[in-house]
Amino acid sequence: MALTGLEIYKQLPKTNCKECGFPTCLAFAMKLAQKGTELSKCPYVTDETRAALDAAAAPPIRLVGVGVGERRFEVGNETVLFRHEKTFYHQPGLVVRLRDDDPQLATLAKQVDGYAVERVGMSLRLDGIALENHSGNADTFAAAVRTVKDNSAVPLIIMSQDPAAVEAALAIVGEEKPLVHAATPSNWQAMAELAAGYGCPLTVLDTGDLTGLAELASQVREAGVEDLILDPGARELNEMLTAFTQLRRLALKKNFRPLGFPLIAFAGADTVEEEALRATQAIAKYAGIVVLDHMEPALLYPLITLRQNIYTDPQKPIQVEPRLYEVGTPDETSPLLITTNFSLTFFSVSGEVEGTGKPAWLLVADADGQSVLTSWAAGKFDALKIAKTVKESGVETKLAHHKLVIPGHVASLSGEVEEELPGWQVMVGPREAVDIPTYLKTVWSQS
Amino acid sequence: MNTVEIPQEKWTGAVRTVTLGSTDEGGTRTSTVTVGGETTLPFLHFEGQMPYRPVVAAEVTDEEPTDWSPELLSAWGELVRDPGAWAAKAVELGADLIAVKLRSCHPERSNCSANDAVATVKKVLSAVGVPLIVYGPGAAEKDNEVLVAVAEATKGERLALANCEDKNYRTIVAAALGNGHLVVGQSPIDVNLAKQLNILISDMGLPLDRVLMDPTTGALGYGIEYTYSVMERLRLAALMGDAMTQQPMICTVGEESWRQKESRASEGVPEEWGDFATRGVVWEASTALAVLEAGADIVVLRHPKSITLIKQGIDDLMKGAVN
């Protein structure tokens, strides 16, 4: 938990020597609290004070990275229980669990590695593979680790509670900093030694209560592993929600260090649909890593979308630049459509227009990054705004016609827009982007 | 190490309880449904009470919804042409409530009359014993006409009349007041607008145990994060004692998630979107679970699979409830 300026001041020498560059110790403390300077600027601070202030400055949930290189992902460092309080910072890694004795392992590993889907102009991917020592055999496991390594570049989770199997796996991929899963009350010494030796993050798994989990995490830390992920063993919806909420609160509200680490959720279920529910909850409610059992695009795409939604900064909706866009190579006869600069709106509309294969002019109004309905309700996408956008865009000179298609949701504005834009014919388009192709083929073509 | 002490919040407020349907005084329901009453955040049974489980309403329409996703139409089959049989099947699948959408009355559709609407609602009332939510066609003046007629013809049933918005609340609230019904107050994804509407409704004399609150649902991928956060803020305010945010919340999950491209287009979409039928159900179920975690007391769903799936999910989330 961050300290206030006054709390820091109490620990400073209070001599106002000015050697730190600030006129008083209090001014220095205030700047420190805002993270505007560093404690090392004070030559007289004691080691004791330094340790106390460093500990206080550490994030309540440690940032833990898995893997190396381009596909490495980091989780943790969250600061709030509810996204509206600030934002959620590090989106959970979405990982698919594969078994070491699966004959399709190489193919599946390639699929996880290569899966990518585009949404609002961003390419969204999976983050890793959790390879499980399902066979129970260390040699099979080692061979499978090699297969996965040869067929994918994503970070790994090495899943085995047998230190011999983990050791065999780390001999192959230890340098790539996989997450080792898991240290339990019965194997933690050996697991901690392996993880510390390779500098890998380590999951701490205790299926009992949080006291046991805290004790185990502390033991593992004392054995030299700092980068921990917690698994309280909860798998069903309610027990997972309970445990994850309690862990997040302990870290954020109590600054409880022994449990100040990201959480891993195993969302696997018999059916894709049940798995979707568990993973939905895990994404919304505090998981740092979500492990799935089905390499099923119809599951992955909704979850990747949800993750993007929940981890969007509420203060900064994703926007596009308001201006005139060309879809294809439009000419003076191409249709002109107007919409708002909420990126989802923009990409939905432009995607549909592109899909028709015919060029078009797409005019994007500055509606504070809000959707058509929201901005209309807020008075940011009214007749005046539409008329002003058309006039300022200079689109008129590019067209042989004077027809403007407005979104169906603001059909009620058509009369007013015609008043504001003398000489223009305002046409009411569909409410939903998905209906644009039909509209352009029928209504527009016949106009 | 000492026992880890679990942090608990001391909430001072609670969500109001609202009962839909009536088995007496004009009501013909065989059972009623009560929602609300929470004294903690959703499903945190270690901290407070959740005396009434969240419920699932199945949406049925009064005429064949030809523009619905092909996946929905094939899942329900012939039933989409018979609202009574459709509703009965939904109840059999586990729906706690039926949401009847009077879409045929829309001037741009069949423009059916208020009398037609009354006949449909009566048909559904006789086909099922569970309480009803009745949605107007979604065209301002026609909504008023149709909902008032339905309210008068079903006096005492404790139907929920929807939607009651800032532009029509006087008419809808008066119809509810005079005929022993409830209203669903809908406001556009904003804490203050939701509060304001509750105040307006309350000022007309409708007791707040007859008001449900619809914060407006954004589907997964289409604004769910706004709905999710507004609902969390409303529920936190309710638990902190803000009286005008303490209405149980209802979300039209089915309508929103099934009108998106992901659940409507089976062809010409990226391969990475996966199997069409599975994707649509997951889209709806994931949206539903997210709003339940944010405080929804009623989710209105469309797909039969989602109904059973979300019922199971609620069962699981209610484990450990001490009531």
# chains A, B, ... in the order shown; residues from 1 in each chain; ligands from 1
call {"tool": "residues_around", "arguments": {"residues": "segment 47-57 of chain B", "least_positions_apart": "6", "cutoff": "8 Å", "atoms": "only C-alpha atoms", "output": "JSON, numbers by chain"}}
result
{"B": [8, 9, 34, 35, 36, 37, 38, 39, 40, 95, 96, 97, 98, 99, 292, 296, 297, 298, 299, 300, 301, 307, 310, 311, 314, 318, 321, 322, 323]}
call {"tool": "write_last_selection", "arguments": {"atoms": "C-alpha atoms", "output": "compact mmCIF listing (two decimals), in the first residue's frame"}}
result
# COMPACT_ATOMS: atom_id res chain seq x y z
CA GLN B 8 -15.46 -8.76 5.32
CA GLU B 9 -17.34 -5.64 4.35
CA THR B 34 -39.37 -13.25 -5.58
CA VAL B 35 -36.04 -11.61 -6.35
CA GLY B 36 -33.70 -9.26 -4.50
CA GLY B 37 -32.96 -9.02 -0.80
CA GLU B 38 -29.19 -9.25 -1.15
CA THR B 39 -27.12 -7.89 1.73
CA THR B 40 -23.79 -8.45 0.00
CA ALA B 95 -37.39 -20.97 -17.08
CA ASP B 96 -38.61 -19.27 -13.91
CA LEU B 97 -40.45 -16.53 -15.80
CA ILE B 98 -41.72 -15.87 -19.30
CA ALA B 99 -40.96 -12.59 -21.03
CA LEU B 292 -25.07 -12.12 -12.93
CA ALA B 296 -28.41 -9.15 -12.19
CA ASP B 297 -31.43 -10.65 -10.44
CA ILE B 298 -33.25 -11.61 -13.66
CA VAL B 299 -31.65 -12.52 -16.98
CA VAL B 300 -33.91 -12.72 -20.03
CA LEU B 301 -32.55 -15.42 -22.35
CA ILE B 307 -31.62 -21.44 -20.21
CA ILE B 310 -27.43 -20.61 -16.82
CA LYS B 311 -29.82 -22.34 -14.42
CA ILE B 314 -26.82 -20.22 -10.79
CA MET B 318 -25.74 -20.48 -4.90
CA ALA B 321 -25.80 -19.88 0.60
CA VAL B 322 -27.04 -19.75 4.18
CA ASN B 323 -30.70 -18.83 4.11
call {"tool": "interface_residues", "arguments": {"of": "chain A", "to": "chain B", "cutoff": "7 Å", "atoms": "only C-alpha atoms", "output": "ChimeraX atom specification"}}
result
/A:83-84,117,210-211,215,237-238,242,246,249-250,273,276-277,280-281,296-299,301-302,305-306,309-310,434
call {"tool": "atom_distance", "arguments": {"atom1": "atom CA of Leu98 of chain A", "atom2": "atom CA of Leu131 of chain A"}}
result
5.0 Å
call {"tool": "select_by_dssp", "arguments": {"residues": "segment 107-322 of chain B", "states": "strand (DSSP E)", "output": "PyMOL selection string"}}
result
chain B and resi 132-135+160-164+182-186+211-214+249-251+296-301
call {"tool": "write_last_selection", "arguments": {"atoms": "N, CA and C atoms", "output": "mmCIF file, in the first residue's frame"}}
result
data_model
loop_
_atom_site.group_PDB
_atom_site.id
_atom_site.type_symbol
_atom_site.label_atom_id
_atom_site.label_comp_id
_atom_site.auth_asym_id
_atom_site.auth_seq_id
_atom_site.Cartn_x
_atom_site.Cartn_y
_atom_site.Cartn_z
ATOM 1 N N LEU B 132 -45.283 -13.451 -15.538
ATOM 2 C CA LEU B 132 -44.903 -12.922 -16.854
ATOM 3 C C LEU B 132 -44.287 -11.524 -16.756
ATOM 4 N N ILE B 133 -43.372 -11.277 -17.679
ATOM 5 C CA ILE B 133 -42.921 -9.912 -17.953
ATOM 6 C C ILE B 133 -43.454 -9.626 -19.349
ATOM 7 N N VAL B 134 -44.095 -8.474 -19.542
ATOM 8 C CA VAL B 134 -44.665 -8.178 -20.854
ATOM 9 C C VAL B 134 -43.951 -6.968 -21.459
ATOM 10 N N TYR B 135 -43.331 -7.189 -22.606
ATOM 11 C CA TYR B 135 -42.622 -6.127 -23.310
ATOM 12 C C TYR B 135 -43.481 -5.583 -24.442
ATOM 13 N N ALA B 160 -44.941 -7.808 -14.850
ATOM 14 C CA ALA B 160 -43.988 -6.699 -14.943
ATOM 15 C C ALA B 160 -44.174 -6.073 -16.320
ATOM 16 N N LEU B 161 -44.510 -4.775 -16.348
ATOM 17 C CA LEU B 161 -44.722 -4.065 -17.611
ATOM 18 C C LEU B 161 -43.416 -3.411 -18.054
ATOM 19 N N ALA B 162 -43.043 -3.677 -19.323
ATOM 20 C CA ALA B 162 -41.754 -3.184 -19.802
ATOM 21 C C ALA B 162 -41.899 -2.605 -21.217
ATOM 22 N N ASN B 163 -41.122 -1.586 -21.577
ATOM 23 C CA ASN B 163 -40.266 -0.870 -20.657
ATOM 24 C C ASN B 163 -40.918 0.430 -20.222
ATOM 25 N N CYS B 164 -40.535 0.801 -19.008
ATOM 26 C CA CYS B 164 -40.975 2.067 -18.450
ATOM 27 C C CYS B 164 -39.757 2.986 -18.505
ATOM 28 N N LEU B 182 -46.391 -4.532 -11.876
ATOM 29 C CA LEU B 182 -45.051 -4.016 -11.615
ATOM 30 C C LEU B 182 -44.552 -3.305 -12.872
ATOM 31 N N VAL B 183 -43.473 -2.542 -12.734
ATOM 32 C CA VAL B 183 -42.856 -1.965 -13.929
ATOM 33 C C VAL B 183 -41.374 -2.323 -13.984
ATOM 34 N N VAL B 184 -40.858 -2.343 -15.216
ATOM 35 C CA VAL B 184 -39.418 -2.477 -15.445
ATOM 36 C C VAL B 184 -38.933 -1.107 -15.913
ATOM 37 N N GLY B 185 -38.182 -0.434 -15.058
ATOM 38 C CA GLY B 185 -37.673 0.892 -15.411
ATOM 39 C C GLY B 185 -36.369 0.750 -16.164
ATOM 40 N N GLN B 186 -36.359 1.217 -17.407
ATOM 41 C CA GLN B 186 -35.140 1.076 -18.195
ATOM 42 C C GLN B 186 -34.491 2.431 -18.429
ATOM 43 N N VAL B 211 -40.956 -2.347 -8.461
ATOM 44 C CA VAL B 211 -40.127 -1.751 -9.512
ATOM 45 C C VAL B 211 -38.865 -2.582 -9.736
ATOM 46 N N LEU B 212 -38.664 -3.009 -10.983
ATOM 47 C CA LEU B 212 -37.414 -3.645 -11.376
ATOM 48 C C LEU B 212 -36.627 -2.621 -12.177
ATOM 49 N N MET B 213 -35.307 -2.787 -12.181
ATOM 50 C CA MET B 213 -34.452 -1.790 -12.820
ATOM 51 C C MET B 213 -33.667 -2.471 -13.941
ATOM 52 N N ASP B 214 -33.789 -1.941 -15.164
ATOM 53 C CA ASP B 214 -33.021 -2.459 -16.299
ATOM 54 C C ASP B 214 -31.980 -1.418 -16.675
ATOM 55 N N MET B 249 -32.191 -5.960 -10.346
ATOM 56 C CA MET B 249 -31.840 -5.611 -11.729
ATOM 57 C C MET B 249 -32.208 -6.732 -12.699
ATOM 58 N N ILE B 250 -32.677 -6.310 -13.868
ATOM 59 C CA ILE B 250 -33.048 -7.255 -14.930
ATOM 60 C C ILE B 250 -32.247 -6.915 -16.187
ATOM 61 N N CYS B 251 -31.741 -7.936 -16.880
ATOM 62 C CA CYS B 251 -30.926 -7.702 -18.077
ATOM 63 C C CYS B 251 -31.468 -8.493 -19.267
ATOM 64 N N ALA B 296 -27.104 -8.914 -11.578
ATOM 65 C CA ALA B 296 -28.408 -9.150 -12.191
ATOM 66 C C ALA B 296 -29.233 -10.106 -11.325
ATOM 67 N N ASP B 297 -30.510 -9.779 -11.164
ATOM 68 C CA ASP B 297 -31.432 -10.655 -10.440
ATOM 69 C C ASP B 297 -32.284 -11.464 -11.408
ATOM 70 N N ILE B 298 -32.501 -10.905 -12.615
ATOM 71 C CA ILE B 298 -33.251 -11.614 -13.659
ATOM 72 C C ILE B 298 -32.462 -11.476 -14.963
ATOM 73 N N VAL B 299 -32.208 -12.602 -15.625
ATOM 74 C CA VAL B 299 -31.646 -12.523 -16.977
ATOM 75 C C VAL B 299 -32.685 -13.072 -17.951
ATOM 76 N N VAL B 300 -32.950 -12.300 -19.001
ATOM 77 C CA VAL B 300 -33.909 -12.723 -20.025
ATOM 78 C C VAL B 300 -33.103 -13.370 -21.150
ATOM 79 N N LEU B 301 -33.370 -14.666 -21.396
ATOM 80 C CA LEU B 301 -32.554 -15.424 -22.346
ATOM 81 C C LEU B 301 -33.396 -15.908 -23.524
#
call {"tool": "closest_residue", "arguments": {"among": "B:Thr252, B:Asn115, B:Thr216, B:Ser126", "to": "Ala151 of chain B", "atoms": "only C-alpha atoms"}}
result
B:Asn115
call {"tool": "residues_around", "arguments": {"residues": "Phe73 of chain A", "least_positions_apart": "6", "cutoff": "12 Å", "atoms": "only C-alpha atoms", "output": "VMD selection string"}}
result
chain A and resid 63 to 67 90 to 95 125 to 128 154 to 156 177 to 179 288 to 289
call {"tool": "closest_residue", "arguments": {"among": "B:Ser257, B:Thr120, B:Gln246, B:Thr23", "to": "Leu72 of chain B", "atoms": "only C-alpha atoms"}}
result
B:Ser257
call {"tool": "atom_distance", "arguments": {"atom1": "atom CA of Leu213 of chain A", "atom2": "atom CA of Arg97 of chain A"}}
result
23.3 Å
call {"tool": "select_by_dssp", "arguments": {"residues": "segment 361-431 of chain A", "states": "helix (DSSP H, G or I)", "output": "mmCIF file with C-alpha atoms, in the first residue's frame"}}
result
data_model
loop_
_atom_site.group_PDB
_atom_site.id
_atom_site.type_symbol
_atom_site.label_atom_id
_atom_site.label_comp_id
_atom_site.auth_asym_id
_atom_site.auth_seq_id
_atom_site.Cartn_x
_atom_site.Cartn_y
_atom_site.Cartn_z
ATOM 1 C CA VAL A 372 -24.285 5.794 -32.053
ATOM 2 C CA LEU A 373 -27.003 5.281 -29.446
ATOM 3 C CA THR A 374 -24.928 6.376 -26.477
ATOM 4 C CA SER A 375 -23.614 9.495 -28.142
ATOM 5 C CA TRP A 376 -27.051 10.349 -29.495
ATOM 6 C CA ALA A 377 -28.510 10.035 -25.974
ATOM 7 C CA ALA A 383 -28.294 16.855 -36.433
ATOM 8 C CA LEU A 384 -25.927 19.779 -35.917
ATOM 9 C CA LYS A 385 -22.965 17.484 -35.341
ATOM 10 C CA ILE A 386 -23.802 15.417 -38.409
ATOM 11 C CA ALA A 387 -24.192 18.489 -40.611
ATOM 12 C CA LYS A 388 -20.997 20.037 -39.290
ATOM 13 C CA THR A 389 -19.061 16.831 -39.877
ATOM 14 C CA VAL A 390 -20.289 16.620 -43.472
ATOM 15 C CA LYS A 391 -19.446 20.267 -44.176
ATOM 16 C CA GLU A 392 -15.996 20.192 -42.597
ATOM 17 C CA SER A 393 -14.993 16.923 -44.242
ATOM 18 C CA VAL A 395 -16.706 15.257 -48.961
ATOM 19 C CA GLU A 396 -19.192 17.261 -50.991
ATOM 20 C CA THR A 397 -16.523 18.049 -53.600
ATOM 21 C CA LYS A 398 -15.778 14.358 -54.044
ATOM 22 C CA GLY A 408 -30.984 3.587 -38.305
ATOM 23 C CA HIS A 409 -30.718 4.281 -34.586
ATOM 24 C CA VAL A 410 -30.918 8.014 -35.287
ATOM 25 C CA ALA A 411 -33.674 7.787 -37.899
ATOM 26 C CA SER A 412 -35.548 10.491 -35.997
ATOM 27 C CA LEU A 413 -32.823 12.991 -36.925
ATOM 28 C CA SER A 414 -33.300 12.714 -40.679
ATOM 29 C CA GLY A 415 -35.618 15.720 -41.054
ATOM 30 C CA GLU A 416 -33.434 17.957 -38.937
ATOM 31 C CA VAL A 417 -30.293 16.924 -40.792
ATOM 32 C CA GLU A 418 -31.949 17.813 -44.117
ATOM 33 C CA GLU A 419 -32.757 21.242 -42.673
ATOM 34 C CA GLU A 420 -29.137 21.714 -41.617
#
call {"tool": "atom_distance", "arguments": {"atom1": "atom CA of Leu259 of chain A", "atom2": "atom CA of Ile283 of chain A"}}
result
19.3 Å
call {"tool": "residues_around", "arguments": {"residues": "Trp86 of chain B", "least_positions_apart": "4", "cutoff": "12 Å", "atoms": "only C-alpha atoms", "output": "ChimeraX atom specification"}}
result
/B:58-64,73,75-82,90-93,95,98-100,123-124,127-128,302-304
call {"tool": "write_last_selection", "arguments": {"atoms": "N, CA and C atoms", "output": "mmCIF file, in the first residue's frame"}}
result
data_model
loop_
_atom_site.group_PDB
_atom_site.id
_atom_site.type_symbol
_atom_site.label_atom_id
_atom_site.label_comp_id
_atom_site.auth_asym_id
_atom_site.auth_seq_id
_atom_site.Cartn_x
_atom_site.Cartn_y
_atom_site.Cartn_z
ATOM 1 N N ALA B 58 -37.464 -16.672 -19.945
ATOM 2 C CA ALA B 58 -37.323 -17.042 -21.348
ATOM 3 C C ALA B 58 -38.143 -16.079 -22.191
ATOM 4 N N GLU B 59 -37.524 -15.587 -23.267
ATOM 5 C CA GLU B 59 -38.224 -14.641 -24.134
ATOM 6 C C GLU B 59 -39.015 -15.382 -25.209
ATOM 7 N N VAL B 60 -40.308 -15.078 -25.310
ATOM 8 C CA VAL B 60 -41.117 -15.610 -26.408
ATOM 9 C C VAL B 60 -41.768 -14.417 -27.105
ATOM 10 N N THR B 61 -42.020 -14.570 -28.395
ATOM 11 C CA THR B 61 -42.600 -13.458 -29.151
ATOM 12 C C THR B 61 -43.999 -13.837 -29.631
ATOM 13 N N ASP B 62 -44.801 -12.813 -29.889
ATOM 14 C CA ASP B 62 -46.198 -13.074 -30.235
ATOM 15 C C ASP B 62 -46.380 -13.414 -31.708
ATOM 16 N N GLU B 63 -45.331 -13.226 -32.513
ATOM 17 C CA GLU B 63 -45.398 -13.684 -33.904
ATOM 18 C C GLU B 63 -44.035 -14.278 -34.233
ATOM 19 N N GLU B 64 -43.982 -15.081 -35.233
ATOM 20 C CA GLU B 64 -42.740 -15.751 -35.597
ATOM 21 C C GLU B 64 -41.640 -14.717 -35.827
ATOM 22 N N LEU B 73 -33.940 -20.036 -34.322
ATOM 23 C CA LEU B 73 -35.137 -20.551 -34.985
ATOM 24 C C LEU B 73 -35.082 -22.074 -35.099
ATOM 25 N N ALA B 75 -33.394 -24.051 -33.105
ATOM 26 C CA ALA B 75 -33.444 -24.646 -31.759
ATOM 27 C C ALA B 75 -34.878 -24.761 -31.249
ATOM 28 N N TRP B 76 -35.711 -23.765 -31.537
ATOM 29 C CA TRP B 76 -37.094 -23.807 -31.038
ATOM 30 C C TRP B 76 -38.053 -24.457 -32.037
ATOM 31 N N GLY B 77 -37.662 -24.494 -33.317
ATOM 32 C CA GLY B 77 -38.496 -25.146 -34.329
ATOM 33 C C GLY B 77 -39.871 -24.512 -34.477
ATOM 34 N N GLU B 78 -40.890 -25.371 -34.573
ATOM 35 C CA GLU B 78 -42.271 -24.942 -34.795
ATOM 36 C C GLU B 78 -42.803 -24.040 -33.688
ATOM 37 N N LEU B 79 -42.206 -24.173 -32.492
ATOM 38 C CA LEU B 79 -42.753 -23.464 -31.330
ATOM 39 C C LEU B 79 -42.807 -21.952 -31.514
ATOM 40 N N VAL B 80 -41.932 -21.415 -32.374
ATOM 41 C CA VAL B 80 -41.885 -19.953 -32.514
ATOM 42 C C VAL B 80 -43.154 -19.390 -33.147
ATOM 43 N N ARG B 81 -44.039 -20.271 -33.604
ATOM 44 C CA ARG B 81 -45.291 -19.772 -34.169
ATOM 45 C C ARG B 81 -46.447 -19.876 -33.180
ATOM 46 N N ASP B 82 -46.152 -20.373 -31.968
ATOM 47 C CA ASP B 82 -47.208 -20.538 -30.965
ATOM 48 C C ASP B 82 -46.686 -20.111 -29.587
ATOM 49 N N ALA B 90 -40.496 -23.664 -22.586
ATOM 50 C CA ALA B 90 -39.431 -22.947 -21.874
ATOM 51 C C ALA B 90 -39.516 -23.224 -20.374
ATOM 52 N N VAL B 91 -40.730 -23.250 -19.844
ATOM 53 C CA VAL B 91 -40.904 -23.533 -18.415
ATOM 54 C C VAL B 91 -40.441 -24.961 -18.112
ATOM 55 N N GLU B 92 -40.773 -25.865 -19.021
ATOM 56 C CA GLU B 92 -40.335 -27.251 -18.865
ATOM 57 C C GLU B 92 -38.807 -27.346 -18.804
ATOM 58 N N LEU B 93 -38.137 -26.468 -19.566
ATOM 59 C CA LEU B 93 -36.665 -26.468 -19.589
ATOM 60 C C LEU B 93 -36.077 -25.808 -18.346
ATOM 61 N N ALA B 95 -37.197 -22.418 -17.187
ATOM 62 C CA ALA B 95 -37.388 -20.970 -17.083
ATOM 63 C C ALA B 95 -38.271 -20.649 -15.875
ATOM 64 N N ILE B 98 -41.629 -16.023 -17.844
ATOM 65 C CA ILE B 98 -41.720 -15.870 -19.295
ATOM 66 C C ILE B 98 -41.778 -14.378 -19.613
ATOM 67 N N ALA B 99 -40.923 -13.972 -20.544
ATOM 68 C CA ALA B 99 -40.959 -12.593 -21.031
ATOM 69 C C ALA B 99 -41.633 -12.606 -22.400
ATOM 70 N N VAL B 100 -42.829 -12.011 -22.468
ATOM 71 C CA VAL B 100 -43.573 -11.989 -23.732
ATOM 72 C C VAL B 100 -43.279 -10.684 -24.448
ATOM 73 N N LYS B 123 -53.310 -15.839 -23.638
ATOM 74 C CA LYS B 123 -52.970 -17.176 -24.112
ATOM 75 C C LYS B 123 -51.754 -17.720 -23.345
ATOM 76 N N VAL B 124 -50.746 -16.873 -23.199
ATOM 77 C CA VAL B 124 -49.543 -17.312 -22.489
ATOM 78 C C VAL B 124 -49.860 -17.522 -21.010
ATOM 79 N N ALA B 127 -51.277 -20.792 -20.648
ATOM 80 C CA ALA B 127 -50.389 -21.910 -21.018
ATOM 81 C C ALA B 127 -49.384 -22.238 -19.926
ATOM 82 N N VAL B 128 -49.035 -21.249 -19.105
ATOM 83 C CA VAL B 128 -48.033 -21.483 -18.059
ATOM 84 C C VAL B 128 -48.531 -20.946 -16.718
ATOM 85 N N ARG B 302 -32.703 -16.315 -24.606
ATOM 86 C CA ARG B 302 -33.397 -16.771 -25.797
ATOM 87 C C ARG B 302 -33.171 -18.243 -26.141
ATOM 88 N N HIS B 303 -31.954 -18.727 -26.010
ATOM 89 C CA HIS B 303 -31.678 -20.083 -26.497
ATOM 90 C C HIS B 303 -32.007 -21.133 -25.428
ATOM 91 N N PRO B 304 -32.671 -22.237 -25.825
ATOM 92 C CA PRO B 304 -33.006 -23.259 -24.826
ATOM 93 C C PRO B 304 -31.781 -23.787 -24.080
#
call {"tool": "residues_around", "arguments": {"residues": "Val96 of chain A", "least_positions_apart": "5", "cutoff": "8 Å", "atoms": "only C-alpha atoms", "output": "JSON, numbers by chain"}}
result
{"A": [112, 128, 129, 130, 291, 292, 293, 294, 295]}
call {"tool": "residues_around", "arguments": {"residues": "Asp366 of chain A", "least_positions_apart": "5", "cutoff": "8 Å", "atoms": "only C-alpha atoms", "output": "JSON, numbers by chain"}}
result
{"A": [321, 322, 340, 341]}
call {"tool": "write_last_selection", "arguments": {"atoms": "C-alpha atoms", "output": "PDB file, in the first residue's frame"}}
result
ATOM      1  CA  GLU A 321      -9.726   9.314 -35.401  1.00  0.00           C
ATOM      2  CA  PRO A 322     -12.799  11.210 -36.614  1.00  0.00           C
ATOM      3  CA  THR A 340     -19.397   7.695 -34.741  1.00  0.00           C
ATOM      4  CA  ASN A 341     -15.782   7.263 -33.647  1.00  0.00           C
TER       5      ASN A 341
END
call {"tool": "closest_residue", "arguments": {"among": "A:Val225, A:Met122, A:Leu105, A:Leu363", "to": "Asn151 of chain A", "atoms": "only C-alpha atoms"}}
result
A:Leu105
